[in-house]
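A.B. asks: Pasting coords_25.txt below, which is compact mmCIF, N, CA and C atoms.
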# COMPACT_ATOMS: atom_id res chain seq x y z
N MET P 1138 -56.27 95.38 126.89
CA MET P 1138 -57.04 94.25 126.41
C MET P 1138 -57.90 94.70 125.24
N ALA P 1139 -57.85 93.97 124.17
CA ALA P 1139 -58.60 94.33 122.95
C ALA P 1139 -60.08 94.04 123.15
N PRO P 1140 -60.95 94.88 122.53
CA PRO P 1140 -62.39 94.63 122.65
C PRO P 1140 -62.75 93.33 121.92
N GLU P 1141 -63.78 92.67 122.44
CA GLU P 1141 -64.24 91.44 121.80
C GLU P 1141 -64.84 91.75 120.45
N PRO P 1142 -64.61 90.87 119.47
CA PRO P 1142 -65.23 91.09 118.15
C PRO P 1142 -66.74 90.94 118.27
N GLU P 1143 -67.44 91.68 117.43
CA GLU P 1143 -68.90 91.62 117.45
C GLU P 1143 -69.37 90.25 116.95
N LYS P 1144 -70.37 89.72 117.61
CA LYS P 1144 -70.92 88.43 117.23
C LYS P 1144 -71.63 88.57 115.89
N GLU P 1145 -71.40 87.62 114.99
CA GLU P 1145 -72.08 87.62 113.69
C GLU P 1145 -73.30 86.73 113.77
N ILE P 1146 -74.43 87.26 113.33
CA ILE P 1146 -75.71 86.56 113.42
C ILE P 1146 -76.34 86.54 112.03
N THR P 1147 -76.80 85.38 111.60
CA THR P 1147 -77.42 85.27 110.27
C THR P 1147 -78.88 85.70 110.32
N MET P 1148 -79.42 86.01 109.16
CA MET P 1148 -80.83 86.38 109.06
C MET P 1148 -81.72 85.19 109.45
N ASP P 1149 -81.25 83.99 109.16
CA ASP P 1149 -81.99 82.79 109.54
C ASP P 1149 -82.15 82.74 111.06
N GLU P 1150 -81.10 83.06 111.79
CA GLU P 1150 -81.16 83.07 113.25
C GLU P 1150 -82.09 84.18 113.73
N VAL P 1151 -81.98 85.36 113.14
CA VAL P 1151 -82.84 86.48 113.53
C VAL P 1151 -84.31 86.11 113.36
N SER P 1152 -84.63 85.43 112.29
CA SER P 1152 -86.03 85.10 111.99
C SER P 1152 -86.68 84.21 113.04
N LYS P 1153 -85.89 83.54 113.85
CA LYS P 1153 -86.42 82.66 114.91
C LYS P 1153 -86.88 83.45 116.13
N HIS P 1154 -86.53 84.71 116.20
CA HIS P 1154 -86.83 85.55 117.36
C HIS P 1154 -87.92 86.55 116.99
N ASN P 1155 -89.17 86.08 116.95
CA ASN P 1155 -90.24 86.92 116.40
C ASN P 1155 -91.51 86.92 117.27
N THR P 1156 -91.32 86.83 118.58
CA THR P 1156 -92.46 86.83 119.49
C THR P 1156 -92.30 87.89 120.56
N THR P 1157 -93.35 88.11 121.33
CA THR P 1157 -93.27 89.09 122.43
C THR P 1157 -92.30 88.64 123.51
N ASP P 1158 -92.06 87.34 123.62
CA ASP P 1158 -91.14 86.82 124.63
C ASP P 1158 -89.70 86.75 124.14
N ASP P 1159 -89.50 86.94 122.85
CA ASP P 1159 -88.16 86.82 122.25
C ASP P 1159 -88.17 87.57 120.92
N CYS P 1160 -87.82 88.85 120.97
CA CYS P 1160 -88.00 89.73 119.80
C CYS P 1160 -86.69 90.38 119.37
N TRP P 1161 -86.22 89.98 118.18
CA TRP P 1161 -85.02 90.57 117.60
C TRP P 1161 -85.40 91.27 116.30
N ILE P 1162 -84.67 92.34 115.99
CA ILE P 1162 -84.84 93.02 114.71
C ILE P 1162 -83.46 93.41 114.17
N VAL P 1163 -83.43 93.68 112.88
CA VAL P 1163 -82.21 94.16 112.22
C VAL P 1163 -82.45 95.62 111.85
N ILE P 1164 -81.53 96.47 112.24
CA ILE P 1164 -81.56 97.89 111.90
C ILE P 1164 -80.16 98.27 111.42
N GLY P 1165 -80.10 99.04 110.35
CA GLY P 1165 -78.82 99.53 109.86
C GLY P 1165 -78.63 99.19 108.40
N ASN P 1166 -77.80 99.98 107.75
CA ASN P 1166 -77.50 99.80 106.34
C ASN P 1166 -76.08 100.33 106.08
N ASP P 1167 -75.66 100.31 104.83
CA ASP P 1167 -74.30 100.75 104.51
C ASP P 1167 -74.05 102.20 104.92
N ASP P 1168 -75.10 103.02 104.91
CA ASP P 1168 -74.94 104.44 105.26
C ASP P 1168 -74.86 104.68 106.76
N THR P 1169 -75.29 103.69 107.56
CA THR P 1169 -75.32 103.87 109.01
C THR P 1169 -74.41 102.89 109.76
N GLY P 1170 -73.43 102.35 109.07
CA GLY P 1170 -72.48 101.46 109.73
C GLY P 1170 -72.78 99.98 109.56
N GLY P 1171 -73.73 99.66 108.71
CA GLY P 1171 -74.04 98.27 108.44
C GLY P 1171 -75.18 97.74 109.29
N PRO P 1172 -75.79 96.65 108.84
CA PRO P 1172 -76.92 96.09 109.58
C PRO P 1172 -76.48 95.43 110.88
N LYS P 1173 -77.18 95.77 111.95
CA LYS P 1173 -76.89 95.21 113.26
C LYS P 1173 -78.15 94.55 113.81
N VAL P 1174 -77.95 93.59 114.70
CA VAL P 1174 -79.05 92.81 115.28
C VAL P 1174 -79.29 93.30 116.71
N TYR P 1175 -80.57 93.52 117.02
CA TYR P 1175 -80.95 94.03 118.33
C TYR P 1175 -81.99 93.11 118.97
N ASP P 1176 -81.79 92.80 120.25
CA ASP P 1176 -82.78 92.08 121.04
C ASP P 1176 -83.60 93.14 121.78
N ILE P 1177 -84.80 93.40 121.28
CA ILE P 1177 -85.63 94.47 121.85
C ILE P 1177 -86.76 93.92 122.72
N THR P 1178 -86.64 92.68 123.15
CA THR P 1178 -87.68 92.05 123.95
C THR P 1178 -88.04 92.89 125.17
N THR P 1179 -87.06 93.36 125.90
CA THR P 1179 -87.32 94.12 127.13
C THR P 1179 -87.77 95.55 126.85
N TYR P 1180 -87.66 95.99 125.61
CA TYR P 1180 -88.03 97.37 125.25
C TYR P 1180 -89.45 97.47 124.68
N LEU P 1181 -90.06 96.35 124.34
CA LEU P 1181 -91.37 96.37 123.68
C LEU P 1181 -92.39 97.27 124.39
N ASP P 1182 -92.52 97.11 125.71
CA ASP P 1182 -93.51 97.89 126.47
C ASP P 1182 -93.14 99.36 126.60
N ASP P 1183 -91.87 99.70 126.39
CA ASP P 1183 -91.42 101.08 126.55
C ASP P 1183 -91.44 101.88 125.25
N HIS P 1184 -91.62 101.21 124.12
CA HIS P 1184 -91.57 101.90 122.84
C HIS P 1184 -92.72 102.91 122.73
N PRO P 1185 -92.42 104.18 122.45
CA PRO P 1185 -93.46 105.21 122.38
C PRO P 1185 -94.55 104.93 121.34
N GLY P 1186 -94.21 104.22 120.28
CA GLY P 1186 -95.20 103.91 119.24
C GLY P 1186 -95.98 102.64 119.52
N GLY P 1187 -95.69 101.99 120.65
CA GLY P 1187 -96.36 100.75 121.02
C GLY P 1187 -95.59 99.54 120.54
N SER P 1188 -95.86 98.43 121.18
CA SER P 1188 -95.14 97.20 120.85
C SER P 1188 -95.54 96.63 119.50
N GLU P 1189 -96.77 96.93 119.06
CA GLU P 1189 -97.28 96.35 117.82
C GLU P 1189 -96.40 96.69 116.62
N VAL P 1190 -95.93 97.93 116.55
CA VAL P 1190 -95.12 98.32 115.39
C VAL P 1190 -93.79 97.57 115.38
N LEU P 1191 -93.27 97.27 116.56
CA LEU P 1191 -92.03 96.50 116.64
C LEU P 1191 -92.28 95.03 116.31
N LEU P 1192 -93.40 94.52 116.77
CA LEU P 1192 -93.71 93.11 116.50
C LEU P 1192 -93.98 92.87 115.02
N ASP P 1193 -94.39 93.91 114.31
CA ASP P 1193 -94.61 93.78 112.85
C ASP P 1193 -93.31 93.45 112.12
N VAL P 1194 -92.18 93.87 112.68
CA VAL P 1194 -90.88 93.60 112.04
C VAL P 1194 -90.02 92.66 112.87
N ALA P 1195 -90.63 92.00 113.85
CA ALA P 1195 -89.89 91.05 114.69
C ALA P 1195 -89.34 89.92 113.83
N GLY P 1196 -88.07 89.64 114.01
CA GLY P 1196 -87.42 88.58 113.25
C GLY P 1196 -87.11 88.96 111.83
N LYS P 1197 -87.19 90.27 111.54
CA LYS P 1197 -86.99 90.74 110.16
C LYS P 1197 -86.04 91.94 110.15
N ASP P 1198 -85.78 92.42 108.94
CA ASP P 1198 -85.00 93.64 108.76
C ASP P 1198 -85.97 94.81 108.82
N GLY P 1199 -85.87 95.61 109.87
CA GLY P 1199 -86.77 96.74 110.06
C GLY P 1199 -86.13 98.07 109.76
N ASP P 1200 -84.99 98.06 109.06
CA ASP P 1200 -84.25 99.31 108.83
C ASP P 1200 -85.06 100.34 108.05
N GLU P 1201 -85.73 99.91 107.00
CA GLU P 1201 -86.47 100.87 106.18
C GLU P 1201 -87.55 101.56 107.00
N PHE P 1202 -88.27 100.80 107.82
CA PHE P 1202 -89.30 101.39 108.68
C PHE P 1202 -88.69 102.34 109.70
N PHE P 1203 -87.58 101.91 110.29
CA PHE P 1203 -86.90 102.73 111.30
C PHE P 1203 -86.46 104.07 110.71
N GLU P 1204 -85.85 104.02 109.53
CA GLU P 1204 -85.37 105.24 108.90
C GLU P 1204 -86.51 106.11 108.38
N ASP P 1205 -87.58 105.50 107.87
CA ASP P 1205 -88.71 106.27 107.36
C ASP P 1205 -89.39 107.10 108.45
N ILE P 1206 -89.38 106.60 109.67
CA ILE P 1206 -90.00 107.31 110.78
C ILE P 1206 -89.18 108.54 111.16
N GLY P 1207 -87.89 108.47 110.98
CA GLY P 1207 -87.02 109.59 111.33
C GLY P 1207 -86.77 109.65 112.83
N HIS P 1208 -86.27 108.56 113.39
CA HIS P 1208 -86.03 108.49 114.83
C HIS P 1208 -84.97 109.49 115.29
N SER P 1209 -85.11 109.93 116.51
CA SER P 1209 -84.21 110.91 117.11
C SER P 1209 -82.88 110.25 117.49
N ASN P 1210 -81.92 111.09 117.85
CA ASN P 1210 -80.64 110.58 118.34
C ASN P 1210 -80.83 109.81 119.65
N ASP P 1211 -81.79 110.26 120.48
CA ASP P 1211 -82.07 109.54 121.72
C ASP P 1211 -82.56 108.12 121.43
N ALA P 1212 -83.41 107.99 120.40
CA ALA P 1212 -83.91 106.66 120.01
C ALA P 1212 -82.75 105.78 119.52
N ARG P 1213 -81.85 106.38 118.77
CA ARG P 1213 -80.70 105.63 118.26
C ARG P 1213 -79.77 105.21 119.41
N ASP P 1214 -79.63 106.08 120.41
CA ASP P 1214 -78.83 105.74 121.59
C ASP P 1214 -79.48 104.59 122.37
N GLU P 1215 -80.79 104.64 122.50
CA GLU P 1215 -81.52 103.56 123.19
C GLU P 1215 -81.33 102.24 122.45
N LEU P 1216 -81.38 102.29 121.13
CA LEU P 1216 -81.23 101.09 120.32
C LEU P 1216 -79.87 100.42 120.57
N LYS P 1217 -78.83 101.23 120.71
CA LYS P 1217 -77.47 100.70 120.92
C LYS P 1217 -77.40 99.81 122.17
N LYS P 1218 -78.22 100.11 123.17
CA LYS P 1218 -78.22 99.34 124.41
C LYS P 1218 -78.68 97.90 124.20
N HIS P 1219 -79.37 97.65 123.09
CA HIS P 1219 -79.97 96.34 122.85
C HIS P 1219 -79.25 95.52 121.78
N MET P 1220 -78.10 96.02 121.32
CA MET P 1220 -77.39 95.32 120.25
C MET P 1220 -76.81 93.99 120.75
N VAL P 1221 -77.05 92.94 119.94
CA VAL P 1221 -76.51 91.62 120.28
C VAL P 1221 -75.47 91.15 119.26
N GLY P 1222 -75.36 91.84 118.13
CA GLY P 1222 -74.37 91.45 117.14
C GLY P 1222 -74.58 92.16 115.81
N VAL P 1223 -73.79 91.75 114.85
CA VAL P 1223 -73.91 92.30 113.49
C VAL P 1223 -74.51 91.23 112.59
N LEU P 1224 -75.23 91.68 111.59
CA LEU P 1224 -75.84 90.74 110.65
C LEU P 1224 -74.78 90.19 109.72
N LYS P 1225 -74.67 88.86 109.69
CA LYS P 1225 -73.74 88.20 108.77
C LYS P 1225 -74.50 87.93 107.47
N LEU P 1226 -74.03 88.53 106.41
CA LEU P 1226 -74.70 88.40 105.12
C LEU P 1226 -73.95 87.44 104.21
N THR P 1227 -74.70 86.63 103.51
CA THR P 1227 -74.10 85.76 102.49
C THR P 1227 -73.81 86.62 101.26
N PRO P 1228 -72.98 86.15 100.35
CA PRO P 1228 -72.75 86.91 99.12
C PRO P 1228 -74.06 87.20 98.37
N GLU P 1229 -74.99 86.26 98.40
CA GLU P 1229 -76.28 86.46 97.72
C GLU P 1229 -77.09 87.57 98.39
N GLU P 1230 -77.07 87.61 99.73
CA GLU P 1230 -77.79 88.65 100.46
C GLU P 1230 -77.16 90.03 100.23
N ILE P 1231 -75.84 90.06 100.14
CA ILE P 1231 -75.15 91.32 99.86
C ILE P 1231 -75.56 91.84 98.48
N GLU P 1232 -75.59 90.96 97.51
CA GLU P 1232 -75.99 91.35 96.14
C GLU P 1232 -77.44 91.79 96.12
N GLN P 1233 -78.30 91.08 96.83
CA GLN P 1233 -79.72 91.46 96.87
C GLN P 1233 -79.90 92.85 97.48
N ARG P 1234 -79.18 93.14 98.55
CA ARG P 1234 -79.26 94.47 99.18
C ARG P 1234 -78.75 95.55 98.22
N ARG P 1235 -77.68 95.23 97.50
CA ARG P 1235 -77.12 96.20 96.55
C ARG P 1235 -78.14 96.50 95.46
N LEU P 1236 -78.79 95.46 94.94
CA LEU P 1236 -79.79 95.66 93.89
C LEU P 1236 -81.00 96.42 94.39
N GLU P 1237 -81.44 96.14 95.61
CA GLU P 1237 -82.58 96.85 96.17
C GLU P 1237 -82.26 98.33 96.34
N LYS P 1238 -81.05 98.62 96.81
CA LYS P 1238 -80.64 100.01 96.99
C LYS P 1238 -80.56 100.71 95.63
N GLU P 1239 -80.02 100.01 94.64
CA GLU P 1239 -79.90 100.56 93.28
C GLU P 1239 -81.28 100.84 92.69
N ASN P 1240 -82.21 99.91 92.88
CA ASN P 1240 -83.57 100.08 92.36
C ASN P 1240 -84.29 101.25 93.02
N LYS P 1241 -84.08 101.43 94.32
CA LYS P 1241 -84.71 102.55 95.03
C LYS P 1241 -84.16 103.88 94.53
N SER P 1242 -82.84 103.94 94.34
CA SER P 1242 -82.25 105.20 93.90
C SER P 1242 -82.62 105.51 92.46
N SER P 1243 -82.71 104.51 91.61
CA SER P 1243 -83.08 104.78 90.22
C SER P 1243 -84.58 105.02 90.10
N GLY P 1244 -85.36 104.41 90.97
CA GLY P 1244 -86.80 104.61 90.96
C GLY P 1244 -87.18 106.01 91.40
N ALA P 1245 -86.38 106.59 92.27
CA ALA P 1245 -86.69 107.92 92.78
C ALA P 1245 -86.60 108.97 91.68
N GLY P 1246 -85.70 108.79 90.73
CA GLY P 1246 -85.53 109.78 89.68
C GLY P 1246 -86.36 109.51 88.46
N GLY P 1247 -86.99 108.34 88.39
CA GLY P 1247 -87.75 107.97 87.21
C GLY P 1247 -89.05 108.73 87.05
N GLY P 1248 -89.54 109.36 88.11
CA GLY P 1248 -90.81 110.07 88.05
C GLY P 1248 -90.74 111.30 87.16
N GLY P 1249 -89.56 111.82 86.91
CA GLY P 1249 -89.42 113.01 86.10
C GLY P 1249 -89.90 112.80 84.67
N MET P 1250 -89.63 111.65 84.10
CA MET P 1250 -90.08 111.36 82.73
C MET P 1250 -91.59 111.28 82.67
N GLY P 1251 -92.22 110.76 83.69
CA GLY P 1251 -93.69 110.71 83.73
C GLY P 1251 -94.27 112.10 83.74
N ALA P 1252 -93.67 113.01 84.48
CA ALA P 1252 -94.14 114.39 84.54
C ALA P 1252 -93.96 115.07 83.19
N VAL P 1253 -92.86 114.79 82.51
CA VAL P 1253 -92.63 115.36 81.18
C VAL P 1253 -93.71 114.88 80.21
N ALA P 1254 -94.05 113.60 80.28
CA ALA P 1254 -95.07 113.04 79.39
C ALA P 1254 -96.42 113.71 79.63
N VAL P 1255 -96.76 113.96 80.88
CA VAL P 1255 -98.03 114.62 81.20
C VAL P 1255 -98.04 116.05 80.65
N VAL P 1256 -96.94 116.76 80.81
CA VAL P 1256 -96.87 118.14 80.30
C VAL P 1256 -96.98 118.14 78.77
N VAL P 1257 -96.29 117.24 78.10
CA VAL P 1257 -96.35 117.16 76.64
C VAL P 1257 -97.79 116.86 76.19
N ALA P 1258 -98.44 115.94 76.87
CA ALA P 1258 -99.82 115.60 76.51
C ALA P 1258 -100.74 116.79 76.72
N ALA P 1259 -100.55 117.53 77.82
CA ALA P 1259 -101.39 118.70 78.09
C ALA P 1259 -101.18 119.78 77.04
N VAL P 1260 -99.93 120.02 76.65
CA VAL P 1260 -99.62 121.02 75.63
C VAL P 1260 -100.24 120.60 74.29
N ALA P 1261 -100.13 119.33 73.94
CA ALA P 1261 -100.71 118.84 72.69
C ALA P 1261 -102.22 119.00 72.70
N ALA P 1262 -102.86 118.68 73.81
CA ALA P 1262 -104.31 118.82 73.91
C ALA P 1262 -104.71 120.28 73.79
N ALA P 1263 -103.97 121.16 74.44
CA ALA P 1263 -104.28 122.59 74.37
C ALA P 1263 -104.11 123.11 72.94
N TYR P 1264 -103.07 122.66 72.25
CA TYR P 1264 -102.82 123.07 70.87
C TYR P 1264 -103.98 122.66 69.97
N PHE P 1265 -104.39 121.39 70.07
CA PHE P 1265 -105.49 120.92 69.23
C PHE P 1265 -106.80 121.61 69.56
N TYR P 1266 -107.03 121.89 70.84
CA TYR P 1266 -108.24 122.61 71.23
C TYR P 1266 -108.21 124.02 70.63
N TYR P 1267 -107.07 124.69 70.76
CA TYR P 1267 -106.92 126.04 70.23
C TYR P 1267 -107.08 126.05 68.71
N LYS P 1268 -106.45 125.10 68.02
CA LYS P 1268 -106.51 125.01 66.57
C LYS P 1268 -107.95 124.78 66.11
N ASN P 1269 -108.67 123.88 66.77
CA ASN P 1269 -110.08 123.63 66.42
C ASN P 1269 -110.96 124.83 66.69
N SER P 1270 -110.66 125.59 67.76
CA SER P 1270 -111.44 126.78 68.10
C SER P 1270 -111.28 127.84 67.01
N ILE P 1271 -110.09 128.00 66.47
CA ILE P 1271 -109.83 129.00 65.44
C ILE P 1271 -110.52 128.59 64.12
N GLU P 1272 -110.48 127.31 63.81
CA GLU P 1272 -111.07 126.84 62.55
C GLU P 1272 -112.58 126.98 62.57
N GLU P 1273 -113.21 126.86 63.72
CA GLU P 1273 -114.67 126.99 63.82
C GLU P 1273 -115.11 128.45 63.76
N SER P 1274 -114.23 129.39 64.03
CA SER P 1274 -114.58 130.81 64.05
C SER P 1274 -114.72 131.39 62.69
Show me the file's structure as C-alpha cells.
C.D. replies:
Amino acid sequence: MAPEPEKEITMDEVSKHNTTDDCWIVIGNDDTGGPKVYDITTYLDDHPGGSEVLLDVAGKDGDEFFEDIGHSNDARDELKKHMVGVLKLTPEEIEQRRLEKENKSSGAGGGGMGAVAVVVAAVAAAYFYYKNSIEES
C-alpha cells in the first residue's frame, strides 16, 4: 500500500492557528526539505525555551528563528512528531522566498566593501597626519 500524500496547507490556513489552544508553525526551507506545517499545541508546555518563544511565531513561518537557535537532532526529531502537512506556496510566495534568500546571501558578503572603505579612510587620515607632522618640523 502506497503512503498517503502529505496534506498541503496554505499560509492563510496556518495563520488562523495562533493561540495557546491551537498553535501551528511553519519550519523548513529549500535546504531542509521544504517548509512543513507543525501543530505544536500539545508541545507548548514541554518546550525547553518556554511557550512564549513558540507563541511569538504561532501562525507564522518560524524557520529563521528555529535555524538561528541551532536546534539539536533530538529537537528536530521531536518536531517531526507534530507535522500536519507541507506548506503549499503560491507562485508569488515562491518568488518572494527566492528573493529573500537571494538578499540574505548577497547581504552577507556586502560588508567587505564597508571594511575596505574604513581601511582606506584610516590610511588616508594617517597619511595626512604624517604629512602635516613633517611639514611642521
A.B. asks: Using all atoms listed in the file, which of P:Ile1146, P:Ile1206, P:Gly1186, P:Val1194 sits nearest Trp1161 in chain P?
C.D. replies: P:Val1194
A.B. asks: Could you check the closest approach to Lys1218 in chain P for each of P:Asp1158, P:Glu1143, P:Ile1177, P:Glu1150 and tell me which residue wins, using only C-alpha atoms?
C.D. replies: P:Ile1177
A.B. asks: Write out as a PyMOL selection string which residues come within 12 Å of range 1227-1242 of chain P when counting only C-alpha atoms, dropping same-chain ones fewer than 5 positions away.
C.D. replies: chain P and resi 1145-1149+1165-1168+1171-1172+1198+1200-1201+1247-1248
A.B. asks: Please determine, counting only C-alpha atoms, which residue among P:Asp1214, P:Ile1162, P:Lys1144, P:Met1220 has the shortest atom-to-atom distance to Lys1197 in chain P.
C.D. replies: P:Ile1162
A.B. asks: Expressed in Å to a single decimal, how great is the separation between atom C of Ala1195 in chain P and atom C of Val1151 in chain P?
C.D. replies: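 If I compute the distance from atom C of Ala1195 in chain P to atom C of Val1151 in chain P, I get 6.3 Å.
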A.B. asks: Between P:Ser1152, P:Asp1159, P:Lys1173, P:Phe1203, which has the minimum distance to Lys1225 in chain P (counting only N, CA and C atoms)?
C.D. replies: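 Checking each candidate against Lys1225 in chain P, we get P:Lys1173 as the closest.
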A.B. asks: What residues in range 1138-1185 of chain P get the DSSP label helix (DSSP H, G or I)? Please answer as a list in words.
C.D. replies: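 Checking each residue of range 1138-1185 of chain P, the helix (DSSP H, G or I) ones are Met1148, Asp1149, Glu1150, Val1151, Ser1152, Asp1167, Asp1168, Thr1169, Thr1178, Thr1179, Tyr1180, Leu1181, Asp1182 and Asp1183 of chain P.
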A.B. asks: Grab the CA of Val1174 in chain P to atom N of Val1223 in chain P distance for me, in Å with one decimal place.
C.D. replies: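 So the answer is 5.4 Å.
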A.B. asks: As an exercise, work out the distance from atom N of Leu1216 in chain P to atom C of Asp1176 in chain P in Å and give it to one decimal place.
C.D. replies: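 Between these atoms lies a distance of 9.4 Å.
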A.B. asks: Just save range 1210-1235 of chain P with N, CA and C atoms, as a compact mmCIF listing (two decimals), in the first residue's frame.
C.D. replies:
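The resulting file, decode_21.txt, is shown below:
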# COMPACT_ATOMS: atom_id res chain seq x y z
N ASN P 1210 19.52 17.53 16.96
CA ASN P 1210 18.82 16.49 16.20
C ASN P 1210 17.63 15.96 16.98
N ASP P 1211 17.75 15.91 18.32
CA ASP P 1211 16.63 15.47 19.15
C ASP P 1211 15.44 16.42 18.99
N ALA P 1212 15.73 17.73 18.93
CA ALA P 1212 14.66 18.72 18.75
C ALA P 1212 14.00 18.54 17.38
N ARG P 1213 14.82 18.26 16.38
CA ARG P 1213 14.28 18.05 15.02
C ARG P 1213 13.43 16.77 14.97
N ASP P 1214 13.85 15.74 15.70
CA ASP P 1214 13.07 14.51 15.77
C ASP P 1214 11.73 14.76 16.47
N GLU P 1215 11.76 15.54 17.54
CA GLU P 1215 10.52 15.88 18.25
C GLU P 1215 9.58 16.65 17.34
N LEU P 1216 10.13 17.56 16.56
CA LEU P 1216 9.31 18.36 15.65
C LEU P 1216 8.56 17.48 14.65
N LYS P 1217 9.23 16.45 14.15
CA LYS P 1217 8.61 15.55 13.16
C LYS P 1217 7.32 14.91 13.68
N LYS P 1218 7.25 14.71 14.99
CA LYS P 1218 6.06 14.09 15.60
C LYS P 1218 4.82 14.97 15.46
N HIS P 1219 5.03 16.26 15.22
CA HIS P 1219 3.93 17.22 15.20
C HIS P 1219 3.55 17.70 13.80
N MET P 1220 4.16 17.09 12.78
CA MET P 1220 3.89 17.54 11.41
C MET P 1220 2.46 17.22 10.98
N VAL P 1221 1.79 18.23 10.41
CA VAL P 1221 0.43 18.03 9.91
C VAL P 1221 0.35 18.16 8.39
N GLY P 1222 1.41 18.65 7.76
CA GLY P 1222 1.40 18.77 6.30
C GLY P 1222 2.56 19.60 5.79
N VAL P 1223 2.53 19.85 4.50
CA VAL P 1223 3.55 20.68 3.86
C VAL P 1223 2.92 22.02 3.49
N LEU P 1224 3.73 23.04 3.49
CA LEU P 1224 3.23 24.37 3.14
C LEU P 1224 3.05 24.45 1.63
N LYS P 1225 1.83 24.79 1.22
CA LYS P 1225 1.54 24.99 -0.20
C LYS P 1225 1.79 26.45 -0.52
N LEU P 1226 2.74 26.68 -1.40
CA LEU P 1226 3.13 28.05 -1.75
C LEU P 1226 2.56 28.44 -3.10
N THR P 1227 2.09 29.66 -3.19
CA THR P 1227 1.66 30.21 -4.47
C THR P 1227 2.91 30.59 -5.25
N PRO P 1228 2.80 30.79 -6.55
CA PRO P 1228 3.96 31.24 -7.32
C PRO P 1228 4.55 32.55 -6.76
N GLU P 1229 3.69 33.43 -6.27
CA GLU P 1229 4.17 34.70 -5.70
C GLU P 1229 4.97 34.46 -4.42
N GLU P 1230 4.50 33.53 -3.59
CA GLU P 1230 5.21 33.21 -2.34
C GLU P 1230 6.55 32.53 -2.63
N ILE P 1231 6.58 31.70 -3.66
CA ILE P 1231 7.83 31.04 -4.05
C ILE P 1231 8.84 32.10 -4.49
N GLU P 1232 8.40 33.05 -5.29
CA GLU P 1232 9.28 34.12 -5.76
C GLU P 1232 9.74 34.99 -4.60
N GLN P 1233 8.85 35.29 -3.68
CA GLN P 1233 9.21 36.10 -2.52
C GLN P 1233 10.28 35.40 -1.68
N ARG P 1234 10.12 34.10 -1.46
CA ARG P 1234 11.11 33.34 -0.70
C ARG P 1234 12.46 33.32 -1.43
N ARG P 1235 12.41 33.18 -2.74
CA ARG P 1235 13.65 33.17 -3.53
C ARG P 1235 14.37 34.50 -3.39
